[in-house]
>>> print(open('target39.txt').read())   # compact mmCIF, C-alpha atoms
# COMPACT_ATOMS: atom_id res chain seq x y z
CA MET A 1 -24.62 -24.93 -7.19
CA ASN A 2 -27.96 -26.55 -6.47
CA LEU A 3 -30.92 -24.70 -5.05
CA LEU A 4 -30.47 -26.01 -1.51
CA ASN A 5 -26.84 -24.82 -1.40
CA PHE A 6 -27.91 -21.46 -2.73
CA PHE A 7 -30.18 -20.85 0.24
CA GLN A 8 -27.79 -22.21 2.84
CA ARG A 9 -24.84 -20.26 1.49
CA LYS A 10 -22.61 -18.78 4.18
CA PRO A 11 -20.69 -15.58 3.45
CA THR A 12 -16.93 -16.14 3.34
CA ALA A 13 -15.71 -12.58 3.96
CA PRO A 14 -16.20 -12.71 7.77
CA VAL A 15 -14.05 -15.85 7.83
CA ALA A 16 -11.28 -14.03 5.93
CA ARG A 17 -11.48 -11.11 8.32
CA GLU A 18 -11.33 -13.26 11.43
CA ARG A 19 -8.45 -15.41 10.14
CA LEU A 20 -6.47 -12.28 9.31
CA GLN A 21 -7.12 -10.67 12.68
CA ILE A 22 -5.85 -13.73 14.53
CA LEU A 23 -2.86 -14.24 12.24
CA LEU A 24 -1.74 -10.61 12.25
CA ALA A 25 -2.08 -10.25 16.01
CA HIS A 26 0.40 -13.10 16.22
CA GLU A 27 2.71 -11.87 13.45
CA ARG A 28 2.87 -8.35 14.82
CA ALA A 29 3.86 -9.77 18.20
CA THR A 30 6.73 -11.79 16.76
CA SER A 31 8.21 -9.53 14.06
CA GLY A 32 8.40 -5.95 12.87
CA ARG A 33 6.41 -3.56 15.08
CA PRO A 34 6.69 -5.86 18.07
CA GLY A 35 9.63 -4.56 19.93
CA LEU A 36 7.55 -1.94 21.65
CA THR A 37 5.11 -4.38 23.26
CA ASN A 38 7.85 -6.47 24.79
CA LEU A 39 9.82 -3.46 25.93
CA LEU A 40 6.78 -1.93 27.63
CA LYS A 41 5.87 -5.27 29.17
CA ASP A 42 9.35 -5.80 30.63
CA GLU A 43 9.70 -2.31 32.03
CA ILE A 44 6.20 -2.13 33.50
CA LEU A 45 6.63 -5.54 35.10
CA ALA A 46 9.97 -4.50 36.56
CA VAL A 47 8.28 -1.55 38.27
CA ILE A 48 5.43 -3.65 39.63
CA LYS A 49 7.78 -6.39 40.81
CA LYS A 50 9.52 -3.90 43.03
CA HIS A 51 6.40 -3.73 45.14
CA VAL A 52 4.39 -6.89 44.50
CA ALA A 53 5.39 -10.48 43.91
CA ILE A 54 3.72 -11.44 40.64
CA ASP A 55 3.69 -14.60 38.60
CA PRO A 56 5.03 -13.78 35.10
CA GLU A 57 2.79 -16.53 33.73
CA LYS A 58 -0.27 -14.60 34.84
CA VAL A 59 0.47 -11.47 32.87
CA GLN A 60 -1.20 -10.65 29.53
CA VAL A 61 -0.04 -7.80 27.34
CA LYS A 62 -1.92 -6.71 24.21
CA LEU A 63 -1.06 -3.88 21.85
CA ASP A 64 -3.81 -2.98 19.40
CA SER A 65 -4.44 -0.26 16.90
CA HIS A 66 -7.80 0.89 15.63
CA SER A 67 -8.13 3.72 13.12
CA GLY A 68 -5.14 5.69 14.27
CA VAL A 69 -5.44 5.02 18.00
CA SER A 70 -3.20 2.47 19.67
CA THR A 71 -4.18 0.84 22.93
CA LEU A 72 -1.99 -1.07 25.35
CA GLU A 73 -3.82 -3.55 27.50
CA ILE A 74 -2.05 -5.11 30.47
CA ASP A 75 -3.75 -7.73 32.58
CA ILE A 76 -1.92 -8.75 35.71
CA GLU A 77 -3.22 -11.22 38.22
CA MET A 78 -2.24 -9.94 41.65
CA PRO A 79 -1.57 -12.43 44.42
CA VAL A 80 -3.76 -12.12 47.50
CA GLN A 81 -1.79 -10.00 49.94
CA PRO A 82 -1.67 -11.21 53.52
CA ARG A 83 -3.08 -8.56 55.86
CA PRO A 84 -0.31 -6.68 57.57
CA ALA A 85 -0.04 -7.71 61.22
CA VAL A 86 -1.23 -5.07 63.65
CA MET B 1 8.91 21.38 -1.88
CA ALA B 2 9.09 17.97 -3.52
CA THR B 3 7.30 14.95 -2.11
CA VAL B 4 8.68 11.45 -2.55
CA LEU B 5 5.81 8.96 -2.63
CA VAL B 6 6.41 5.20 -2.66
CA VAL B 7 3.74 2.93 -4.13
CA THR B 8 4.17 -0.41 -2.42
CA SER B 9 2.27 -3.55 -1.36
CA GLY B 10 4.46 -6.55 -0.63
CA LYS B 11 2.35 -8.84 -2.79
CA GLY B 12 2.70 -8.83 -6.56
CA GLY B 13 -0.10 -8.29 -9.03
CA VAL B 14 -2.24 -6.05 -6.83
CA GLY B 15 -1.89 -2.98 -9.04
CA LYS B 16 1.20 -1.04 -7.95
CA THR B 17 2.39 -0.25 -11.47
CA THR B 18 -1.11 0.42 -12.77
CA SER B 19 -1.76 2.74 -9.83
CA THR B 20 1.61 4.50 -10.17
CA ALA B 21 0.85 5.22 -13.83
CA ALA B 22 -2.74 6.34 -13.23
CA LEU B 23 -1.83 8.57 -10.28
CA GLY B 24 1.26 9.90 -12.06
CA VAL B 25 -0.91 11.04 -14.96
CA ALA B 26 -3.53 12.52 -12.62
CA LEU B 27 -0.91 14.43 -10.60
CA ALA B 28 0.63 15.77 -13.80
CA GLN B 29 -2.80 16.73 -15.15
CA ALA B 30 -3.31 18.70 -11.93
CA GLY B 31 -0.31 20.78 -12.98
CA GLN B 32 2.22 19.10 -10.69
CA LYS B 33 5.65 18.41 -12.12
CA THR B 34 5.73 14.65 -11.68
CA VAL B 35 8.27 11.90 -12.29
CA VAL B 36 7.45 8.20 -11.94
CA ILE B 37 10.35 5.83 -11.26
CA ASP B 38 10.34 2.09 -11.87
CA PHE B 39 12.36 0.29 -9.16
CA ASP B 40 11.65 -3.19 -10.51
CA VAL B 41 15.12 -3.79 -11.94
CA GLY B 42 15.17 -6.81 -14.25
CA LEU B 43 11.37 -6.85 -14.66
CA ARG B 44 10.50 -3.34 -15.77
CA ASN B 45 6.93 -2.61 -16.80
CA LEU B 46 6.05 0.95 -15.93
CA ASP B 47 7.38 2.01 -19.35
CA LEU B 48 4.98 -0.44 -21.03
CA VAL B 49 1.94 0.61 -19.00
CA LEU B 50 2.75 4.24 -19.88
CA GLY B 51 3.26 3.44 -23.57
CA ALA B 52 6.90 4.59 -23.54
CA GLU B 53 8.57 1.18 -24.03
CA ARG B 54 10.20 2.14 -27.31
CA ARG B 55 11.64 5.34 -25.96
CA VAL B 56 13.86 3.91 -23.20
CA VAL B 57 17.54 4.51 -23.96
CA PHE B 58 19.03 5.04 -20.52
CA ASP B 59 17.50 3.90 -17.23
CA LEU B 60 17.70 4.27 -13.44
CA VAL B 61 20.63 1.85 -13.19
CA ASN B 62 22.65 3.83 -15.77
CA VAL B 63 22.10 7.01 -13.77
CA VAL B 64 22.83 5.36 -10.40
CA GLN B 65 26.07 3.94 -11.77
CA GLY B 66 27.08 7.22 -13.41
CA GLU B 67 26.88 5.90 -16.99
CA ALA B 68 24.29 8.47 -18.02
CA LYS B 69 23.13 11.87 -16.83
CA LEU B 70 19.71 12.17 -15.26
CA ALA B 71 18.52 14.43 -18.08
CA GLN B 72 19.41 11.73 -20.62
CA ALA B 73 17.41 9.07 -18.81
CA LEU B 74 14.25 11.07 -18.09
CA ILE B 75 11.55 10.32 -20.66
CA ARG B 76 9.04 13.10 -21.04
CA ASP B 77 5.46 11.93 -21.67
CA LYS B 78 4.14 13.00 -25.06
CA ARG B 79 0.54 13.45 -23.86
CA VAL B 80 0.96 15.14 -20.47
CA GLU B 81 3.93 17.46 -20.62
CA THR B 82 4.47 17.72 -16.84
CA LEU B 83 4.95 13.93 -16.56
CA SER B 84 8.31 12.16 -16.86
CA LEU B 85 9.40 8.56 -16.52
CA LEU B 86 12.62 7.06 -15.22
CA ALA B 87 12.60 3.44 -16.37
CA ALA B 88 14.20 0.43 -14.69
CA SER B 89 16.87 -1.63 -16.38
CA GLN B 90 15.67 -4.80 -18.05
CA THR B 91 19.07 -6.49 -18.28
CA ARG B 92 20.71 -5.99 -14.88
CA ASP B 93 19.69 -7.38 -11.50
CA LYS B 94 18.53 -5.67 -8.33
CA ASP B 95 22.07 -5.49 -6.93
CA ALA B 96 22.89 -2.90 -9.58
CA LEU B 97 21.16 -0.33 -7.35
CA THR B 98 23.08 1.11 -4.41
CA GLU B 99 21.66 3.12 -1.56
CA ALA B 100 24.08 6.01 -2.09
CA GLY B 101 23.36 6.05 -5.82
CA VAL B 102 19.59 6.09 -5.36
CA ALA B 103 19.92 8.80 -2.70
CA ARG B 104 21.83 10.98 -5.15
CA VAL B 105 19.26 10.48 -7.92
CA ILE B 106 16.35 11.28 -5.59
CA GLU B 107 18.11 14.43 -4.35
CA GLU B 108 18.61 15.60 -7.92
CA LEU B 109 14.98 14.86 -8.80
CA ARG B 110 13.76 16.80 -5.75
CA GLU B 111 15.13 19.95 -7.35
CA LYS B 112 13.27 19.43 -10.61
CA PHE B 113 9.91 17.94 -9.63
CA ASP B 114 6.98 18.41 -7.24
CA TRP B 115 6.18 14.70 -7.01
CA ILE B 116 8.57 11.77 -7.22
CA VAL B 117 6.52 8.59 -7.37
CA CYS B 118 8.51 5.41 -6.75
CA ASP B 119 6.93 2.22 -8.10
CA SER B 120 8.18 -0.54 -5.81
CA PRO B 121 8.74 -4.11 -6.96
CA ALA B 122 6.88 -6.87 -5.12
CA GLY B 123 8.55 -8.57 -2.19
CA ILE B 124 10.65 -7.15 0.62
CA GLU B 125 14.07 -7.46 -0.97
CA LYS B 126 16.57 -4.82 -2.04
CA GLY B 127 14.54 -3.20 -4.82
CA ALA B 128 11.52 -2.81 -2.55
CA SER B 129 13.53 -1.51 0.39
CA LEU B 130 15.33 1.05 -1.80
CA ALA B 131 12.04 2.19 -3.32
CA MET B 132 10.68 3.04 0.15
CA ARG B 133 13.97 4.12 1.72
CA PHE B 134 13.77 7.85 0.85
CA ALA B 135 9.99 8.23 0.81
CA ASP B 136 8.14 11.01 2.60
CA ARG B 137 4.76 9.34 2.16
CA ALA B 138 3.62 5.85 1.24
CA LEU B 139 0.72 4.51 -0.73
CA VAL B 140 -0.06 0.93 0.29
CA VAL B 141 -1.93 -0.87 -2.50
CA THR B 142 -4.13 -3.70 -1.25
CA ASN B 143 -6.67 -6.09 -2.81
CA PRO B 144 -9.58 -7.37 -0.72
CA GLU B 145 -7.87 -10.71 -0.42
CA VAL B 146 -6.24 -12.35 2.63
CA SER B 147 -2.78 -12.74 1.12
CA SER B 148 -2.65 -9.13 0.00
CA VAL B 149 -3.83 -7.74 3.35
CA ARG B 150 -1.30 -9.85 5.23
CA ASP B 151 1.58 -8.67 3.02
CA SER B 152 0.43 -5.05 3.31
CA ASP B 153 0.53 -5.37 7.08
CA ARG B 154 4.13 -6.49 6.82
CA ILE B 155 4.96 -3.57 4.53
CA VAL B 156 3.38 -1.11 6.98
CA GLY B 157 5.73 -2.51 9.63
CA LEU B 158 8.72 -1.97 7.32
CA LEU B 159 7.63 1.58 6.44
CA ASP B 160 7.60 2.33 10.16
CA SER B 161 11.04 0.88 10.79
CA LYS B 162 13.28 0.67 7.71
CA THR B 163 12.78 4.03 6.01
CA LEU B 164 15.06 7.01 6.49
CA ARG B 165 12.18 8.98 8.00
CA ALA B 166 11.38 6.23 10.51
CA GLU B 167 15.02 5.97 11.51
CA HIS B 168 15.13 9.72 12.14
CA GLY B 169 12.03 9.46 14.29
CA ASP B 170 9.89 11.35 11.76
CA LYS B 171 6.36 10.32 10.93
CA MET B 172 5.84 8.34 7.74
CA GLU B 173 2.45 9.27 6.35
CA LYS B 174 0.74 6.16 4.97
CA HIS B 175 -2.31 5.90 2.74
CA LEU B 176 -4.34 2.83 1.90
CA LEU B 177 -5.47 2.35 -1.71
CA VAL B 178 -7.85 -0.59 -2.13
CA THR B 179 -7.85 -1.85 -5.71
CA ARG B 180 -9.92 -4.45 -7.60
CA PHE B 181 -12.85 -3.89 -5.29
CA ASP B 182 -16.19 -5.35 -6.30
CA PRO B 183 -19.07 -3.83 -4.30
CA THR B 184 -21.53 -6.50 -5.44
CA ARG B 185 -19.40 -9.33 -4.09
CA ALA B 186 -18.68 -7.42 -0.90
CA GLU B 187 -22.40 -6.86 -0.38
CA ARG B 188 -22.99 -10.58 -0.91
CA GLY B 189 -20.48 -11.30 1.84
CA ASP B 190 -17.94 -12.98 -0.40
CA MET B 191 -15.38 -10.19 -0.45
CA MET B 192 -14.00 -8.32 2.54
CA LYS B 193 -15.50 -4.89 2.88
CA VAL B 194 -13.30 -1.80 2.71
CA GLU B 195 -14.09 -1.20 6.41
CA ASP B 196 -12.76 -4.68 7.26
CA ILE B 197 -9.44 -3.96 5.55
CA LEU B 198 -9.26 -0.53 7.18
CA GLU B 199 -9.85 -1.96 10.62
CA ILE B 200 -7.15 -4.59 10.16
CA LEU B 201 -4.46 -2.37 8.62
CA ALA B 202 -5.37 0.76 10.61
CA ILE B 203 -4.02 3.30 8.11
CA PRO B 204 -6.14 6.05 6.54
CA LEU B 205 -7.97 5.33 3.28
CA ILE B 206 -7.10 7.41 0.22
CA GLY B 207 -9.25 5.66 -2.35
CA VAL B 208 -11.10 2.58 -3.52
CA ILE B 209 -10.58 1.56 -7.14
CA PRO B 210 -13.40 -0.61 -8.45
CA ASP B 211 -12.56 -3.78 -10.32
CA SER B 212 -13.11 -2.77 -13.93
CA GLU B 213 -12.37 -3.93 -17.44
CA GLU B 214 -11.25 -0.40 -18.25
CA VAL B 215 -7.99 -1.01 -16.37
CA LEU B 216 -6.93 -3.88 -18.64
CA LYS B 217 -8.00 -1.95 -21.74
CA ALA B 218 -5.84 0.95 -20.59
CA SER B 219 -2.75 -1.19 -20.16
CA ASN B 220 -3.40 -2.80 -23.55
CA LEU B 221 -3.21 0.69 -25.02
CA GLY B 222 -0.29 1.95 -22.95
CA ALA B 223 -2.40 4.83 -21.69
CA PRO B 224 -3.45 4.82 -18.01
CA VAL B 225 -7.22 5.02 -17.36
CA THR B 226 -6.91 8.58 -16.16
CA LEU B 227 -5.78 9.44 -19.68
CA SER B 228 -7.57 6.96 -21.95
CA ALA B 229 -10.93 6.73 -20.18
CA PRO B 230 -11.21 9.71 -17.82
CA GLY B 231 -14.96 9.27 -17.38
CA SER B 232 -14.70 5.61 -16.32
CA ALA B 233 -15.26 4.50 -12.73
CA PRO B 234 -11.62 3.57 -12.00
CA ALA B 235 -10.33 6.80 -13.57
CA ARG B 236 -12.66 8.88 -11.42
CA ALA B 237 -11.54 6.93 -8.35
CA TYR B 238 -7.88 7.57 -9.19
CA ALA B 239 -8.60 11.24 -9.84
CA GLU B 240 -10.28 11.57 -6.44
CA ALA B 241 -7.43 9.76 -4.69
CA THR B 242 -5.07 12.24 -6.35
CA ARG B 243 -7.04 15.21 -5.04
CA ARG B 244 -6.81 13.73 -1.55
CA LEU B 245 -3.06 13.28 -2.00
CA LEU B 246 -2.89 16.96 -2.86
CA GLY B 247 -4.59 17.79 0.42
CA GLU B 248 -8.27 18.09 -0.43
CA THR B 249 -10.77 16.65 2.01
CA LEU B 250 -13.24 14.50 0.11
CA ASP B 251 -15.40 11.64 1.28
CA VAL B 252 -14.29 8.35 -0.21
CA THR B 253 -17.03 7.15 -2.50
CA LEU B 254 -17.11 4.23 -4.85
CA PRO B 255 -17.70 5.54 -8.36
CA ALA B 256 -20.15 3.18 -10.00
CA GLU B 257 -19.68 1.69 -13.43
CA LYS B 258 -22.34 2.66 -15.89
CA LYS B 259 -23.81 -0.74 -16.65
CA SER B 260 -25.80 -1.47 -19.74
CA LEU B 261 -29.31 -2.82 -19.39
CA ILE B 262 -28.14 -6.27 -20.43
CA GLY B 263 -25.26 -6.12 -17.95
CA ARG B 264 -27.69 -5.21 -15.21
CA LEU B 265 -30.08 -7.98 -16.15
CA PHE B 266 -27.42 -10.65 -16.06
CA GLY B 267 -25.12 -9.05 -13.48
CA ARG B 268 -22.20 -10.75 -15.12
CA ARG B 269 -18.86 -9.37 -16.18
CA VAL B 270 -15.96 -10.64 -18.18
CA ALA B 271 -12.79 -9.95 -16.26
>>> encode(input="target39.txt", output="structure tokens")
Amino acid sequence: MNLLNFFQRKPTAPVARERLQILLAHERATSGRPGLTNLLKDEILAVIKKHVAIDPEKVQVKLDSHSGVSTLEIDIEMPVQPRPAV
Amino acid sequence: MATVLVVTSGKGGVGKTTSTAALGVALAQAGQKTVVIDFDVGLRNLDLVLGAERRVVFDLVNVVQGEAKLAQALIRDKRVETLSLLAASQTRDKDALTEAGVARVIEELREKFDWIVCDSPAGIEKGASLAMRFADRALVVTNPEVSSVRDSDRIVGLLDSKTLRAEHGDKMEKHLLVTRFDPTRAERGDMMKVEDILEILAIPLIGVIPDSEEVLKASNLGAPVTLSAPGSAPARAYAEATRRLLGETLDVTLPAEKKSLIGRLFGRRVA
């Protein structure tokens, strides 16, 4: 390692952490713990669809866990509703 | 009431057997009647790490298949009298274990011991799934390395779905044990911090074992660090993890190695 490299050295641990977070978010969604996210997504969407026409492409579901607390994040883009005629 | 604890990780070489031996000794030293079981059929090593390799006559497979009685296969430790070992077979393969057979052995052990510590083989195949199958609690051993963290995440998923407790809808208590941790490298930014691993795996921390030459010395001797070098940094970390397992509330600290002046000057270690 020359002196210049020594001073420009970038820590590698944050890279490891970020790669793992991205990879595991994907792996958890496709195997193992996963079932729950899809089940919740399907059932919640079924309820919403009863009342609003939504585009399944515009729905984002995220299940996360941080130190013992799990959060379910659902992002649904609602179509603009035409005003009911008076 | 007996507790069945599985020591597991997915990845090999992270310290499952070393940790099983060190914790087994520490539990036994705390007065708990403890048995450690090697589930790595075909590649047994717990006997070697515990210095009992020349005393194995019958093993787990013999008991599972009804060729020997449990009492004949249990090897009582000569140094800590409340510690026993049930070795794995070196000559058979993993298919020699059956779920019903292992269930019967665990049931019998529950009557005799306070702690039944199951040392899982690496991987997610039969040996590993049988080691976790009957567990009440799990110790997930992880190194601060991407491959180990990824495999541990997979194991956590299996603990929550493939164990008897999970199938009955009961909670599987999981504990994270970080091994081979080097605070200097973590501080420098070249090793994931314990907090990083905790945030990713999201299971409670039971201990951090510093990377230390004492661990290799201990396995050379066949006497776990908690027995051969009780004052050393890794032994103190294992002892503290054991107290947490037994229900004490203690802050997780990283016991520091006592470095010599020369070591401090050069900051270099021989692994």
>>> residues_around(input="target39.txt", residues="range 7-21 of chain B", least_positions_apart="5", cutoff="9 Å", atoms="all atoms listed in the file", output="number ranges by chain")
B: 26, 36-38, 45-46, 49-50, 117-124, 128, 131-132, 138-143, 147-156, 177, 179-180, 215, 219, 223-226, 238
>>> closest_residue(input="target39.txt", among="A:Ile48, A:Thr12, A:Lys62, A:Thr71", to="Arg28 in chain A", atoms="all atoms listed in the file")
A:Lys62
>>> closest_atom_pairs(input="target39.txt", of="chain B", to="chain A", cutoff="8 Å", atoms="all atoms listed in the file", output="Markdown table")
| residue | atom | partner | partner_atom | distance |
| --- | --- | --- | --- | --- |
| B:Glu145 | CA | A:Ala16 | CA | 7.9 |
| B:Val146 | CA | A:Ala16 | CA | 6.3 |
| B:Val149 | CA | A:Leu20 | CA | 7.9 |
| B:Arg150 | CA | A:Leu20 | CA | 7.0 |
| B:Asp153 | CA | A:Leu24 | CA | 7.7 |
| B:Arg154 | CA | A:Gly32 | CA | 7.4 |
| B:Gly157 | CA | A:Gly32 | CA | 5.4 |
| B:Leu158 | CA | A:Gly32 | CA | 6.8 |
| B:Asp160 | CA | A:Arg33 | CA | 7.8 |
| B:Ser161 | CA | A:Gly32 | CA | 7.6 |
| B:Ala186 | CA | A:Ala13 | CA | 7.7 |
| B:Arg188 | CA | A:Pro11 | CA | 7.0 |
| B:Gly189 | CA | A:Pro11 | CA | 4.6 |
| B:Asp190 | CA | A:Ala13 | CA | 4.9 |
| B:Met191 | CA | A:Ala13 | CA | 5.0 |
| B:Met192 | CA | A:Ala13 | CA | 4.8 |
| B:Lys193 | CA | A:Ala13 | CA | 7.8 |
| B:Asp196 | CA | A:Arg17 | CA | 6.6 |
| B:Ile197 | CA | A:Arg17 | CA | 7.9 |
| B:Leu198 | CA | A:Ser67 | CA | 7.4 |
| B:Glu199 | CA | A:His66 | CA | 6.1 |
| B:Ile200 | CA | A:Gln21 | CA | 6.6 |
| B:Ala202 | CA | A:Ser67 | CA | 4.8 |
| B:Ile203 | CA | A:Ser67 | CA | 6.5 |
| B:Pro204 | CA | A:Ser67 | CA | 7.3 |
>>> closest_residue(input="target39.txt", among="B:Glu125, B:Glu214, B:Glu108, B:Asp47", to="Ala87 in chain B", atoms="all atoms listed in the file")
B:Asp47
>>> closest_residue(input="target39.txt", among="B:Asp251, B:Thr34, B:Leu227, B:Pro144", to="Asp211 in chain B", atoms="only C-alpha atoms")
B:Pro144
>>> residues_around(input="target39.txt", residues="Ile74 in chain A", least_positions_apart="3", cutoff="10 Å", atoms="only C-alpha atoms", output="MDAnalysis selection string")
chainID A and resid 40:41 44:45 59:63 71 77
>>> residues_near_point(input="target39.txt", point="(0.2, 20.7, -11.5)", cutoff="12 Å", atoms="all atoms listed in the file", output="PyMOL selection string")
chain B and resi 24-35+80-83+113-115+242-243+246
>>> atom_distance(input="target39.txt", atom1="CA of Arg110 in chain B", atom2="CA of Met1 in chain B")
7.7 Å
>>> atom_distance(input="target39.txt", atom1="CA of Arg104 in chain B", atom2="CA of Ala22 in chain B")
26.3 Å
>>> residues_near_point(input="target39.txt", point="(18.9, 2.6, -20.1)", cutoff="9 Å", atoms="only C-alpha atoms", output="PyMOL selection string")
chain B and resi 56-63+68+73+87-90
>>> atom_distance(input="target39.txt", atom1="CA of Asn220 in chain B", atom2="CA of Arg79 in chain B")
16.7 Å
>>> residues_around(input="target39.txt", residues="Asp136 in chain B", least_positions_apart="2", cutoff="10 Å", atoms="all atoms listed in the file", output="list in words")
Ala2, Thr3, Val4, Leu5, Val6, Ile116, Met132, Arg133, Phe134, Ala138, Thr163, Leu164, Arg165, Ala166, Asp170, Lys171, Met172, Glu173 and Lys174 of chain B
>>> build_atoms(input="target39.txt", residues="range 44-61 of chain A", atoms="N, CA, C and O atoms", output="mmCIF file, keeping the file's coordinate frame")
data_model
loop_
_atom_site.group_PDB
_atom_site.id
_atom_site.type_symbol
_atom_site.label_atom_id
_atom_site.label_comp_id
_atom_site.auth_asym_id
_atom_site.auth_seq_id
_atom_site.Cartn_x
_atom_site.Cartn_y
_atom_site.Cartn_z
ATOM 1 N N ILE A 44 7.337 -2.287 32.570
ATOM 2 C CA ILE A 44 6.200 -2.130 33.500
ATOM 3 C C ILE A 44 6.245 -3.227 34.556
ATOM 4 O O ILE A 44 6.055 -2.976 35.753
ATOM 5 N N LEU A 45 6.555 -4.444 34.136
ATOM 6 C CA LEU A 45 6.630 -5.540 35.100
ATOM 7 C C LEU A 45 7.737 -5.310 36.117
ATOM 8 O O LEU A 45 7.570 -5.591 37.304
ATOM 9 N N ALA A 46 8.863 -4.758 35.652
ATOM 10 C CA ALA A 46 9.970 -4.500 36.560
ATOM 11 C C ALA A 46 9.540 -3.552 37.663
ATOM 12 O O ALA A 46 9.863 -3.745 38.846
ATOM 13 N N VAL A 47 8.762 -2.523 37.277
ATOM 14 C CA VAL A 47 8.280 -1.550 38.270
ATOM 15 C C VAL A 47 7.339 -2.228 39.269
ATOM 16 O O VAL A 47 7.463 -2.067 40.485
ATOM 17 N N ILE A 48 6.415 -3.011 38.746
ATOM 18 C CA ILE A 48 5.430 -3.650 39.630
ATOM 19 C C ILE A 48 6.104 -4.664 40.564
ATOM 20 O O ILE A 48 5.787 -4.758 41.744
ATOM 21 N N LYS A 49 7.092 -5.370 40.013
ATOM 22 C CA LYS A 49 7.780 -6.390 40.810
ATOM 23 C C LYS A 49 8.494 -5.817 42.031
ATOM 24 O O LYS A 49 8.728 -6.515 43.008
ATOM 25 N N LYS A 50 8.850 -4.541 41.903
ATOM 26 C CA LYS A 50 9.520 -3.900 43.030
ATOM 27 C C LYS A 50 8.638 -3.916 44.269
ATOM 28 O O LYS A 50 9.103 -3.914 45.392
ATOM 29 N N HIS A 51 7.324 -3.874 44.016
ATOM 30 C CA HIS A 51 6.400 -3.730 45.140
ATOM 31 C C HIS A 51 5.559 -4.968 45.397
ATOM 32 O O HIS A 51 5.147 -5.220 46.516
ATOM 33 N N VAL A 52 5.276 -5.727 44.351
ATOM 34 C CA VAL A 52 4.390 -6.890 44.500
ATOM 35 C C VAL A 52 5.039 -8.110 43.863
ATOM 36 O O VAL A 52 5.668 -7.999 42.816
ATOM 37 N N ALA A 53 4.891 -9.246 44.525
ATOM 38 C CA ALA A 53 5.390 -10.480 43.910
ATOM 39 C C ALA A 53 4.331 -10.963 42.926
ATOM 40 O O ALA A 53 3.204 -11.266 43.311
ATOM 41 N N ILE A 54 4.701 -10.972 41.620
ATOM 42 C CA ILE A 54 3.720 -11.440 40.640
ATOM 43 C C ILE A 54 4.263 -12.626 39.854
ATOM 44 O O ILE A 54 5.468 -12.775 39.700
ATOM 45 N N ASP A 55 3.326 -13.424 39.379
ATOM 46 C CA ASP A 55 3.690 -14.600 38.600
ATOM 47 C C ASP A 55 3.743 -14.188 37.119
ATOM 48 O O ASP A 55 2.726 -13.813 36.545
ATOM 49 N N PRO A 56 4.928 -14.242 36.495
ATOM 50 C CA PRO A 56 5.030 -13.780 35.100
ATOM 51 C C PRO A 56 4.114 -14.556 34.149
ATOM 52 O O PRO A 56 3.764 -14.080 33.070
ATOM 53 N N GLU A 57 3.706 -15.740 34.554
ATOM 54 C CA GLU A 57 2.790 -16.530 33.730
ATOM 55 C C GLU A 57 1.392 -15.910 33.699
ATOM 56 O O GLU A 57 0.602 -16.187 32.817
ATOM 57 N N LYS A 58 1.095 -15.130 34.732
ATOM 58 C CA LYS A 58 -0.270 -14.600 34.840
ATOM 59 C C LYS A 58 -0.350 -13.141 34.394
ATOM 60 O O LYS A 58 -1.088 -12.347 34.948
ATOM 61 N N VAL A 59 0.474 -12.823 33.401
ATOM 62 C CA VAL A 59 0.470 -11.470 32.870
ATOM 63 C C VAL A 59 0.124 -11.522 31.372
ATOM 64 O O VAL A 59 0.679 -12.325 30.632
ATOM 65 N N GLN A 60 -0.832 -10.702 30.952
ATOM 66 C CA GLN A 60 -1.200 -10.650 29.530
ATOM 67 C C GLN A 60 -0.994 -9.239 29.022
ATOM 68 O O GLN A 60 -1.491 -8.299 29.622
ATOM 69 N N VAL A 61 -0.244 -9.123 27.926
ATOM 70 C CA VAL A 61 -0.040 -7.800 27.340
ATOM 71 C C VAL A 61 -0.567 -7.807 25.913
ATOM 72 O O VAL A 61 -0.293 -8.716 25.145
#
